[in-house]
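One structure is given here, and the rest of the page talks about it.
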Amino acid sequence: MSSTVVTKTAAEYEDFSLNWATRGLGADTITDASWEAIPSGLTLNQFSNTDTTTTVWLEGGLALTAYTITNTITTSGGRILQDSFICVVEE
């Protein structure tokens with residue numbers, strides 16, 4: 001799990017990416033990706049991925065709330081991997 005913390009306001013609509021190449025994928029590539037936010041209240045939109053990077057757009061959220069954003073990927077080699085970051089919604 002990543003220790004990355006990002007911030008945004010509830011009014012901002014912003015993209016965030018994870019670079020999976022740093023996880024030693026080698027020739028393995030991303031074939032599927034999903035995203036989840038806990039707790040609820042933050043909207044996740046426009047998912048995309050390349051061979052080694054995933055991106056999600058975050059919208060809304062409750063002020064002064066910290067959300068754990070988790071990305072789960074499946075690779076061409078059959079690996080299932082997860083990574084997370086924290087998104088704090090500022091006032």
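Naming scheme: A, B, ... for chains in displayed order of the structure tokens; residues 1 onward per chain; ligands 1 onward as shown.
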Skipping near chain neighbours, those fewer than 3 positions away, what residues fall within 8 Å of A:Tyr67 using only C-alpha atoms, listed as a PDB file with N, CA and C atoms, in the first residue's frame?
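See part.pdb below for the written result:
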```
ATOM      1  N   ALA A  37     -13.519   3.770  -3.527  1.00  0.00           N
ATOM      2  CA  ALA A  37     -13.264   4.797  -2.517  1.00  0.00           C
ATOM      3  C   ALA A  37     -14.009   4.437  -1.244  1.00  0.00           C
ATOM      4  N   ILE A  38     -13.309   4.506  -0.106  1.00  0.00           N
ATOM      5  CA  ILE A  38     -13.916   4.255   1.209  1.00  0.00           C
ATOM      6  C   ILE A  38     -13.535   5.405   2.124  1.00  0.00           C
ATOM      7  N   PRO A  39     -14.482   6.053   2.808  1.00  0.00           N
ATOM      8  CA  PRO A  39     -15.927   5.794   2.800  1.00  0.00           C
ATOM      9  C   PRO A  39     -16.569   6.309   1.514  1.00  0.00           C
ATOM     10  N   LEU A  42     -17.301  10.193  -2.327  1.00  0.00           N
ATOM     11  CA  LEU A  42     -16.383  10.707  -3.346  1.00  0.00           C
ATOM     12  C   LEU A  42     -16.706   9.984  -4.642  1.00  0.00           C
ATOM     13  N   ILE A  86      -4.365   7.943  -0.179  1.00  0.00           N
ATOM     14  CA  ILE A  86      -5.341   8.687   0.621  1.00  0.00           C
ATOM     15  C   ILE A  86      -5.633   9.993  -0.081  1.00  0.00           C
ATOM     16  N   CYS A  87      -6.912  10.340  -0.196  1.00  0.00           N
ATOM     17  CA  CYS A  87      -7.324  11.637  -0.726  1.00  0.00           C
ATOM     18  C   CYS A  87      -8.063  12.365   0.385  1.00  0.00           C
ATOM     19  N   VAL A  88      -7.511  13.503   0.804  1.00  0.00           N
ATOM     20  CA  VAL A  88      -8.139  14.332   1.844  1.00  0.00           C
ATOM     21  C   VAL A  88      -8.861  15.472   1.148  1.00  0.00           C
TER      22      VAL A  88
END
```
**Fill in**
One residue among A:Thr70, A:Thr43, A:Ser76, A:Thr52 is nearest to A:Ala10 when using only C-alpha atoms, and that residue is A:Thr43
Would you pick out the contacts of A:Trp35 at 8 Å or less, using only C-alpha atoms, so that residues sharing its chain but fewer than 6 positions from it are not included, and give the list as a PDB file with C-alpha atoms, in the first residue's frame?
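That gives us result-v8.pdb:
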```
ATOM      1  CA  LEU A  44     -14.816   8.119  -9.163  1.00  0.00           C
ATOM      2  CA  PHE A  47     -11.089   5.248 -15.502  1.00  0.00           C
ATOM      3  CA  VAL A  56      -9.003   7.884 -12.140  1.00  0.00           C
ATOM      4  CA  ILE A  69      -8.716   5.123  -2.910  1.00  0.00           C
ATOM      5  CA  THR A  70      -7.858   1.557  -3.935  1.00  0.00           C
ATOM      6  CA  ASN A  71      -6.897   0.431  -7.422  1.00  0.00           C
ATOM      7  CA  THR A  72      -7.050  -3.277  -8.269  1.00  0.00           C
TER       8      THR A  72
END
```
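The smallest atom-to-atom distance between A:Ala63 and any of A:Glu36, A:Asp28, A:Glu12, A:Glu90, using only C-alpha atoms, is found for A:Glu90.
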**Message:** Env of A:Tyr13: 10 Å cut, atoms = only C-alpha atoms, seq-sep filter 6 positions within chain, self excluded. Answer as a PyMOL selection string.
**Reply:** chain A and resi 43-45+57-60
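Take the candidates A:Ser40, A:Thr53, A:Thr65, A:Gln82 and check each one against A:Thr22 using only C-alpha atoms; the shortest distance goes to A:Thr53.
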**Request:** Could you tell me, as number ranges by chain, which residues of stretch 7-91 of chain A DSSP assigns to strand (DSSP E) when given the backbone?
**Result:** A: 7-9, 13-19, 30-38, 42-49, 53-60, 65-75, 80-90
Store the residues picked out above in a file with C-alpha atoms, as a short mmCIF file (atom, residue, chain, number, x, y, z; two decimals), in the first residue's frame.
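Saved to selection.cif:
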```
data_model
loop_
_atom_site.label_atom_id
_atom_site.label_comp_id
_atom_site.auth_asym_id
_atom_site.auth_seq_id
_atom_site.Cartn_x
_atom_site.Cartn_y
_atom_site.Cartn_z
CA THR A 7 -5.59 16.77 -1.37
CA LYS A 8 -8.45 18.38 -3.26
CA THR A 9 -11.50 20.50 -2.49
CA TYR A 13 -12.50 17.59 -10.49
CA GLU A 14 -9.01 16.13 -10.66
CA ASP A 15 -7.14 13.14 -12.11
CA PHE A 16 -4.78 10.89 -10.17
CA SER A 17 -2.58 8.11 -11.55
CA LEU A 18 -0.68 5.10 -10.27
CA ASN A 19 2.46 3.92 -12.06
CA ILE A 30 -2.36 -4.20 -17.25
CA THR A 31 -5.41 -5.81 -18.86
CA ASP A 32 -8.10 -4.67 -16.39
CA ALA A 33 -8.38 -2.12 -13.61
CA SER A 34 -11.03 -1.12 -11.07
CA TRP A 35 -11.21 1.62 -8.43
CA GLU A 36 -12.95 1.95 -5.05
CA ALA A 37 -13.26 4.80 -2.52
CA ILE A 38 -13.92 4.25 1.21
CA LEU A 42 -16.38 10.71 -3.35
CA THR A 43 -17.25 10.12 -7.00
CA LEU A 44 -14.82 8.12 -9.16
CA ASN A 45 -15.01 8.80 -12.93
CA GLN A 46 -13.24 8.27 -16.25
CA PHE A 47 -11.09 5.25 -15.50
CA SER A 48 -8.26 4.65 -17.96
CA ASN A 49 -5.07 2.68 -18.17
CA THR A 53 -0.32 3.16 -15.52
CA THR A 54 -3.90 3.58 -14.26
CA THR A 55 -5.80 6.86 -13.91
CA VAL A 56 -9.00 7.88 -12.14
CA TRP A 57 -10.78 11.26 -11.94
CA LEU A 58 -12.07 12.24 -8.47
CA GLU A 59 -15.07 14.50 -7.96
CA GLY A 60 -16.87 15.87 -4.91
CA THR A 65 -12.84 13.71 5.09
CA ALA A 66 -10.00 11.31 4.25
CA TYR A 67 -10.82 8.71 1.60
CA THR A 68 -8.84 5.57 0.87
CA ILE A 69 -8.72 5.12 -2.91
CA THR A 70 -7.86 1.56 -3.93
CA ASN A 71 -6.90 0.43 -7.42
CA THR A 72 -7.05 -3.28 -8.27
CA ILE A 73 -5.42 -4.44 -11.49
CA THR A 74 -5.24 -7.70 -13.40
CA THR A 75 -2.22 -8.26 -15.64
CA ILE A 80 -4.00 -9.46 -9.33
CA LEU A 81 -2.43 -6.50 -7.51
CA GLN A 82 -3.75 -3.66 -5.35
CA ASP A 83 -2.40 -0.27 -4.36
CA SER A 84 -4.03 2.59 -2.46
CA PHE A 85 -3.58 6.25 -1.70
CA ILE A 86 -5.34 8.69 0.62
CA CYS A 87 -7.32 11.64 -0.73
CA VAL A 88 -8.14 14.33 1.84
CA VAL A 89 -10.93 16.70 0.88
CA GLU A 90 -10.13 20.15 2.19
#
```
